Amino acid sequence: MDLREKVALITGGTQGIGAATALALAERGADIAIVARHIDHGVRVKVEALGRRCVVIGRDMALPENATACVQEAVRALGRVDVLVHSAGARAPGGLMEVTTEVWHEAFDVHVHAILHLCRAAVPLMKQKGGGAIVLVSSVAGLRGCPGGLAYGVVKGAIPQFARLLARELADENIRVNCVAPGIIRTAFQDYLSPAQAKNNIDNRIPLHREGKPEDVAEAIALLATNEFITGECITLDGGQTMRLA
């Protein structure tokens, strides 16, 4: 897909992987709609410096009406939605006996249920334009059993299957659906790690002996948004971590 004169809607787009994705897609010619719970115009300034239009939409993806409304707001501001990237997420700590009911349900609302509502709003628009691309952000935590994060692992594990099912359902409409599964990526999401934990990851858990960067994941998302013959796939970006665990 040539992204020139196209619009990409990115949830969780003001920081981390979402912000890097906004810039990667803007560099390829797309106008950008960024959705986040907290308004931050830093990425918008960078996108506009690339000569692309950008709008920042303050919405919480845990609320179905907000997921639907952000698509409508993007269309009002930029005219269309051709690429949807669902990058919004949050930690959901706790094992079976520790995770709270609130954390469990919120994890599903943000990571899984939001996809349903976003796609129900965006897919009809893509059909009108003859196709589109949807990229979902999973995690290696959804591919392997990671202790202490039951809810997070379950919801991230649901996302690759969500992508496969949507890809099959929407293929006749020329709408491709894929996902990425990042490993340990240096963003604010990893700030809870102690220096000792971070060092152990690099020394012993990641075969490439370095953390990933948001830009590493953004490049894969851009590939999935633009390559017109990939659908129903999940790309793992983890420096070989899950290969080692296998």
# chains A, B, ... in the order shown; residues from 1 in each chain; ligands from 1
call {"tool": "residues_around", "arguments": {"residues": "Ala121 of chain A", "least_positions_apart": "2", "cutoff": "8 Å", "atoms": "only C-alpha atoms", "output": "short mmCIF file (atom, residue, chain, number, x, y, z; two decimals) with C-alpha atoms, in the first residue's frame"}}
result
data_model
loop_
_atom_site.label_atom_id
_atom_site.label_comp_id
_atom_site.auth_asym_id
_atom_site.auth_seq_id
_atom_site.Cartn_x
_atom_site.Cartn_y
_atom_site.Cartn_z
CA THR A 68 -15.84 4.25 18.14
CA VAL A 71 -12.44 6.78 14.38
CA GLN A 72 -15.22 9.26 13.68
CA HIS A 117 -15.10 -1.46 18.55
CA LEU A 118 -12.28 0.16 16.58
CA CYS A 119 -12.68 -2.30 13.71
CA VAL A 123 -13.67 -1.40 8.52
CA PRO A 124 -16.72 0.07 6.73
CA LEU A 125 -14.59 3.12 5.86
#
call {"tool": "residues_around", "arguments": {"residues": "segment 227-239 of chain A", "least_positions_apart": "6", "cutoff": "8 Å", "atoms": "only C-alpha atoms", "output": "PDB file with C-alpha atoms, in the first residue's frame"}}
result
ATOM      1  CA  MET A   1       0.000   0.000   0.000  1.00  0.00           C
ATOM      2  CA  SER A 139       3.559  -9.365  23.029  1.00  0.00           C
ATOM      3  CA  VAL A 140       5.881 -12.290  23.578  1.00  0.00           C
ATOM      4  CA  PRO A 160      -2.753 -13.053  17.292  1.00  0.00           C
ATOM      5  CA  ALA A 163      -5.754 -10.991  13.828  1.00  0.00           C
ATOM      6  CA  ARG A 164      -5.999 -14.368  12.086  1.00  0.00           C
ATOM      7  CA  LEU A 165      -9.782 -14.475  12.298  1.00  0.00           C
ATOM      8  CA  LEU A 166     -10.190 -10.888  11.111  1.00  0.00           C
ATOM      9  CA  ALA A 167      -7.706 -11.495   8.299  1.00  0.00           C
ATOM     10  CA  ARG A 168      -9.748 -14.414   7.022  1.00  0.00           C
ATOM     11  CA  ARG A 176      -5.204  -7.090   5.591  1.00  0.00           C
ATOM     12  CA  VAL A 177      -4.888  -7.817   9.312  1.00  0.00           C
ATOM     13  CA  ASN A 178      -1.632  -8.681  11.073  1.00  0.00           C
ATOM     14  CA  CYS A 179       0.024  -8.267  14.447  1.00  0.00           C
ATOM     15  CA  VAL A 180       3.432  -7.811  16.018  1.00  0.00           C
ATOM     16  CA  ALA A 181       4.665  -9.423  19.227  1.00  0.00           C
ATOM     17  CA  PRO A 182       7.410  -7.285  20.788  1.00  0.00           C
ATOM     18  CA  GLY A 183       9.722  -8.610  23.453  1.00  0.00           C
ATOM     19  CA  ILE A 184      11.635  -6.380  25.846  1.00  0.00           C
ATOM     20  CA  ILE A 185      11.494  -2.938  24.265  1.00  0.00           C
ATOM     21  CA  ILE A 206      17.960 -11.985  25.149  1.00  0.00           C
ATOM     22  CA  PRO A 207      20.345 -13.794  22.773  1.00  0.00           C
ATOM     23  CA  LEU A 208      21.216 -10.529  20.980  1.00  0.00           C
ATOM     24  CA  HIS A 209      22.171  -9.053  24.395  1.00  0.00           C
ATOM     25  CA  ARG A 210      20.355  -5.767  23.981  1.00  0.00           C
ATOM     26  CA  GLU A 211      16.878  -4.364  24.527  1.00  0.00           C
ATOM     27  CA  GLY A 212      14.793  -3.472  21.515  1.00  0.00           C
ATOM     28  CA  ASP A 216      12.460  -1.638  15.714  1.00  0.00           C
ATOM     29  CA  VAL A 217       8.797  -2.444  16.220  1.00  0.00           C
ATOM     30  CA  ALA A 220       7.771  -4.002  11.339  1.00  0.00           C
TER      31      ALA A 220
END
call {"tool": "atom_distance", "arguments": {"atom1": "atom CA of Leu150 of chain A", "atom2": "atom CA of Leu96 of chain A"}}
result
6.5 Å
call {"tool": "atom_distance", "arguments": {"atom1": "atom CA of His111 of chain A", "atom2": "atom CA of Glu5 of chain A"}}
result
28.8 Å
call {"tool": "select_by_dssp", "arguments": {"residues": "segment 54-178 of chain A", "states": "helix (DSSP H, G or I)", "output": "PyMOL selection string"}}
result
chain A and resi 64-78+101-128+140-142+150-173
call {"tool": "atom_distance", "arguments": {"atom1": "atom CA of Ala67 of chain A", "atom2": "atom CA of Ser87 of chain A"}}
result
12.6 Å
call {"tool": "select_by_dssp", "arguments": {"residues": "segment 49-109 of chain A", "states": "strand (DSSP E)", "output": "list in words"}}
result
Cys54, Val55, Val56, Ile57, Gly58, Val83, Leu84, Val85 and His86 of chain A
call {"tool": "closest_residue", "arguments": {"among": "A:Thr21, A:Asn174, A:Ser194, A:Gln161", "to": "Asp82 of chain A", "atoms": "only C-alpha atoms"}}
result
A:Asn174
call {"tool": "residues_around", "arguments": {"residues": "segment 48-60 of chain A", "least_positions_apart": "6", "cutoff": "12 Å", "atoms": "only C-alpha atoms", "output": "ChimeraX atom specification"}}
result
/A:3-14,19,22-42,66-79,88-90,106,109-111,114,118
call {"tool": "residues_around", "arguments": {"residues": "segment 142-149 of chain A", "least_positions_apart": "4", "cutoff": "7 Å", "atoms": "only C-alpha atoms", "output": "VMD selection string"}}
result
chain A and resid 92 to 95 138 153 to 154 156 to 157
call {"tool": "closest_residue", "arguments": {"among": "A:Arg120, A:Glu169, A:Gln241, A:Thr226", "to": "Ile202 of chain A", "atoms": "only C-alpha atoms"}}
result
A:Gln241
call {"tool": "residues_around", "arguments": {"residues": "Gly131 of chain A", "least_positions_apart": "2", "cutoff": "8 Å", "atoms": "only C-alpha atoms", "output": "list in words"}}
result
Asp82, Met126, Lys127, Gln128, Lys129, Ala133, Glu173, Asn174, Ile175 and Arg176 of chain A
call {"tool": "decode", "arguments": {"residues": "segment 45-189 of chain A", "atoms": "C-alpha atoms", "output": "mmCIF file, in the first residue's frame"}}
result
data_model
loop_
_atom_site.group_PDB
_atom_site.id
_atom_site.type_symbol
_atom_site.label_atom_id
_atom_site.label_comp_id
_atom_site.auth_asym_id
_atom_site.auth_seq_id
_atom_site.Cartn_x
_atom_site.Cartn_y
_atom_site.Cartn_z
ATOM 1 C CA VAL A 45 4.969 18.535 16.017
ATOM 2 C CA LYS A 46 7.389 15.922 14.657
ATOM 3 C CA VAL A 47 4.828 14.545 12.187
ATOM 4 C CA GLU A 48 4.002 18.021 10.902
ATOM 5 C CA ALA A 49 7.721 18.737 10.516
ATOM 6 C CA LEU A 50 7.703 15.883 7.990
ATOM 7 C CA GLY A 51 5.070 17.752 5.994
ATOM 8 C CA ARG A 52 2.164 15.544 7.012
ATOM 9 C CA ARG A 53 -1.100 16.473 8.695
ATOM 10 C CA CYS A 54 -1.647 15.254 12.242
ATOM 11 C CA VAL A 55 -4.444 15.359 14.786
ATOM 12 C CA VAL A 56 -4.276 14.271 18.433
ATOM 13 C CA ILE A 57 -7.461 12.782 19.882
ATOM 14 C CA GLY A 58 -7.944 12.368 23.617
ATOM 15 C CA ARG A 59 -9.828 9.107 24.168
ATOM 16 C CA ASP A 60 -9.654 6.110 26.518
ATOM 17 C CA MET A 61 -9.668 2.800 24.626
ATOM 18 C CA ALA A 62 -11.118 1.011 27.659
ATOM 19 C CA LEU A 63 -14.464 2.664 26.857
ATOM 20 C CA PRO A 64 -16.339 1.268 23.817
ATOM 21 C CA GLU A 65 -17.887 4.621 22.934
ATOM 22 C CA ASN A 66 -14.431 6.234 22.900
ATOM 23 C CA ALA A 67 -13.024 3.572 20.577
ATOM 24 C CA THR A 68 -15.838 4.252 18.138
ATOM 25 C CA ALA A 69 -15.674 8.021 18.541
ATOM 26 C CA CYS A 70 -11.940 8.291 17.848
ATOM 27 C CA VAL A 71 -12.440 6.782 14.384
ATOM 28 C CA GLN A 72 -15.220 9.255 13.679
ATOM 29 C CA GLU A 73 -13.066 12.160 14.898
ATOM 30 C CA ALA A 74 -10.169 11.064 12.700
ATOM 31 C CA VAL A 75 -12.458 11.050 9.662
ATOM 32 C CA ARG A 76 -13.824 14.498 10.489
ATOM 33 C CA ALA A 77 -10.313 15.894 10.832
ATOM 34 C CA LEU A 78 -8.482 14.053 8.042
ATOM 35 C CA GLY A 79 -11.195 12.675 5.764
ATOM 36 C CA ARG A 80 -10.577 8.918 5.930
ATOM 37 C CA VAL A 81 -8.927 5.995 7.753
ATOM 38 C CA ASP A 82 -6.846 3.543 5.708
ATOM 39 C CA VAL A 83 -4.540 2.078 8.357
ATOM 40 C CA LEU A 84 -5.489 1.194 11.924
ATOM 41 C CA VAL A 85 -2.772 0.420 14.485
ATOM 42 C CA HIS A 86 -3.929 -0.570 17.961
ATOM 43 C CA SER A 87 -0.938 0.060 20.190
ATOM 44 C CA ALA A 88 -2.694 1.294 23.331
ATOM 45 C CA GLY A 89 -2.103 -0.888 26.351
ATOM 46 C CA ALA A 90 -1.165 -1.048 29.997
ATOM 47 C CA ARG A 91 0.473 -3.376 32.473
ATOM 48 C CA ALA A 92 -1.800 -5.863 34.221
ATOM 49 C CA PRO A 93 0.270 -7.397 37.037
ATOM 50 C CA GLY A 94 -0.641 -10.285 39.283
ATOM 51 C CA GLY A 95 -0.910 -14.057 39.194
ATOM 52 C CA LEU A 96 -4.072 -16.099 39.673
ATOM 53 C CA MET A 97 -4.580 -15.202 43.319
ATOM 54 C CA GLU A 98 -3.184 -11.669 43.147
ATOM 55 C CA VAL A 99 -4.715 -10.055 40.066
ATOM 56 C CA THR A 100 -7.751 -7.983 40.947
ATOM 57 C CA THR A 101 -11.060 -8.268 39.150
ATOM 58 C CA GLU A 102 -10.710 -4.639 38.064
ATOM 59 C CA VAL A 103 -7.282 -5.207 36.529
ATOM 60 C CA TRP A 104 -8.498 -8.380 34.776
ATOM 61 C CA HIS A 105 -11.480 -6.668 33.155
ATOM 62 C CA GLU A 106 -9.608 -3.498 32.273
ATOM 63 C CA ALA A 107 -6.930 -5.578 30.537
ATOM 64 C CA PHE A 108 -9.582 -7.096 28.275
ATOM 65 C CA ASP A 109 -11.246 -3.715 27.711
ATOM 66 C CA VAL A 110 -8.048 -1.976 26.577
ATOM 67 C CA HIS A 111 -6.247 -4.770 24.747
ATOM 68 C CA VAL A 112 -9.034 -6.905 23.266
ATOM 69 C CA HIS A 113 -12.479 -5.328 23.416
ATOM 70 C CA ALA A 114 -11.165 -2.071 21.959
ATOM 71 C CA ILE A 115 -10.177 -3.949 18.795
ATOM 72 C CA LEU A 116 -13.782 -4.995 18.232
ATOM 73 C CA HIS A 117 -15.105 -1.458 18.547
ATOM 74 C CA LEU A 118 -12.275 0.157 16.577
ATOM 75 C CA CYS A 119 -12.682 -2.303 13.712
ATOM 76 C CA ARG A 120 -16.449 -2.035 13.610
ATOM 77 C CA ALA A 121 -16.010 1.700 13.110
ATOM 78 C CA ALA A 122 -13.004 1.609 10.751
ATOM 79 C CA VAL A 123 -13.669 -1.405 8.519
ATOM 80 C CA PRO A 124 -16.724 0.071 6.728
ATOM 81 C CA LEU A 125 -14.594 3.117 5.863
ATOM 82 C CA MET A 126 -11.826 0.909 4.491
ATOM 83 C CA LYS A 127 -14.330 -1.042 2.406
ATOM 84 C CA GLN A 128 -15.518 2.196 0.804
ATOM 85 C CA LYS A 129 -11.942 2.981 -0.267
ATOM 86 C CA GLY A 130 -11.263 -0.506 -1.644
ATOM 87 C CA GLY A 131 -9.118 -1.871 1.177
ATOM 88 C CA GLY A 132 -6.918 -1.100 4.132
ATOM 89 C CA ALA A 133 -4.561 -2.476 6.741
ATOM 90 C CA ILE A 134 -4.987 -3.273 10.437
ATOM 91 C CA VAL A 135 -1.994 -3.962 12.675
ATOM 92 C CA LEU A 136 -2.454 -5.101 16.276
ATOM 93 C CA VAL A 137 0.214 -5.076 18.981
ATOM 94 C CA SER A 138 0.548 -8.323 20.918
ATOM 95 C CA SER A 139 3.559 -9.365 23.029
ATOM 96 C CA VAL A 140 5.881 -12.290 23.578
ATOM 97 C CA ALA A 141 4.082 -12.534 26.926
ATOM 98 C CA GLY A 142 1.133 -13.796 24.896
ATOM 99 C CA LEU A 143 3.256 -16.453 23.170
ATOM 100 C CA ARG A 144 4.936 -17.957 26.252
ATOM 101 C CA GLY A 145 3.981 -18.370 29.888
ATOM 102 C CA CYS A 146 5.374 -15.477 31.930
ATOM 103 C CA PRO A 147 4.789 -15.628 35.703
ATOM 104 C CA GLY A 148 3.216 -12.738 37.555
ATOM 105 C CA GLY A 149 1.159 -11.348 34.688
ATOM 106 C CA LEU A 150 -1.779 -13.678 34.095
ATOM 107 C CA ALA A 151 -4.207 -11.092 32.696
ATOM 108 C CA TYR A 152 -1.584 -9.481 30.484
ATOM 109 C CA GLY A 153 -0.486 -12.797 29.024
ATOM 110 C CA VAL A 154 -4.050 -13.917 28.348
ATOM 111 C CA VAL A 155 -5.111 -10.742 26.536
ATOM 112 C CA LYS A 156 -1.905 -10.546 24.530
ATOM 113 C CA GLY A 157 -2.338 -14.201 23.621
ATOM 114 C CA ALA A 158 -5.802 -13.457 22.271
ATOM 115 C CA ILE A 159 -4.537 -10.810 19.849
ATOM 116 C CA PRO A 160 -2.753 -13.053 17.292
ATOM 117 C CA GLN A 161 -5.883 -15.191 17.007
ATOM 118 C CA PHE A 162 -8.021 -12.060 16.702
ATOM 119 C CA ALA A 163 -5.754 -10.991 13.828
ATOM 120 C CA ARG A 164 -5.999 -14.368 12.086
ATOM 121 C CA LEU A 165 -9.782 -14.475 12.298
ATOM 122 C CA LEU A 166 -10.190 -10.888 11.111
ATOM 123 C CA ALA A 167 -7.706 -11.495 8.299
ATOM 124 C CA ARG A 168 -9.748 -14.414 7.022
ATOM 125 C CA GLU A 169 -13.050 -12.559 7.355
ATOM 126 C CA LEU A 170 -11.856 -9.372 5.654
ATOM 127 C CA ALA A 171 -9.627 -10.787 2.918
ATOM 128 C CA ASP A 172 -12.343 -10.540 0.259
ATOM 129 C CA GLU A 173 -12.545 -6.813 1.034
ATOM 130 C CA ASN A 174 -8.783 -6.354 0.473
ATOM 131 C CA ILE A 175 -8.320 -5.491 4.142
ATOM 132 C CA ARG A 176 -5.204 -7.090 5.591
ATOM 133 C CA VAL A 177 -4.888 -7.817 9.312
ATOM 134 C CA ASN A 178 -1.632 -8.681 11.073
ATOM 135 C CA CYS A 179 0.024 -8.267 14.447
ATOM 136 C CA VAL A 180 3.432 -7.811 16.018
ATOM 137 C CA ALA A 181 4.665 -9.423 19.227
ATOM 138 C CA PRO A 182 7.410 -7.285 20.788
ATOM 139 C CA GLY A 183 9.722 -8.610 23.453
ATOM 140 C CA ILE A 184 11.635 -6.380 25.846
ATOM 141 C CA ILE A 185 11.494 -2.938 24.265
ATOM 142 C CA ARG A 186 13.010 0.050 26.063
ATOM 143 C CA THR A 187 9.995 2.256 26.727
ATOM 144 C CA ALA A 188 8.346 3.657 29.848
ATOM 145 C CA PHE A 189 6.506 0.321 30.024
#
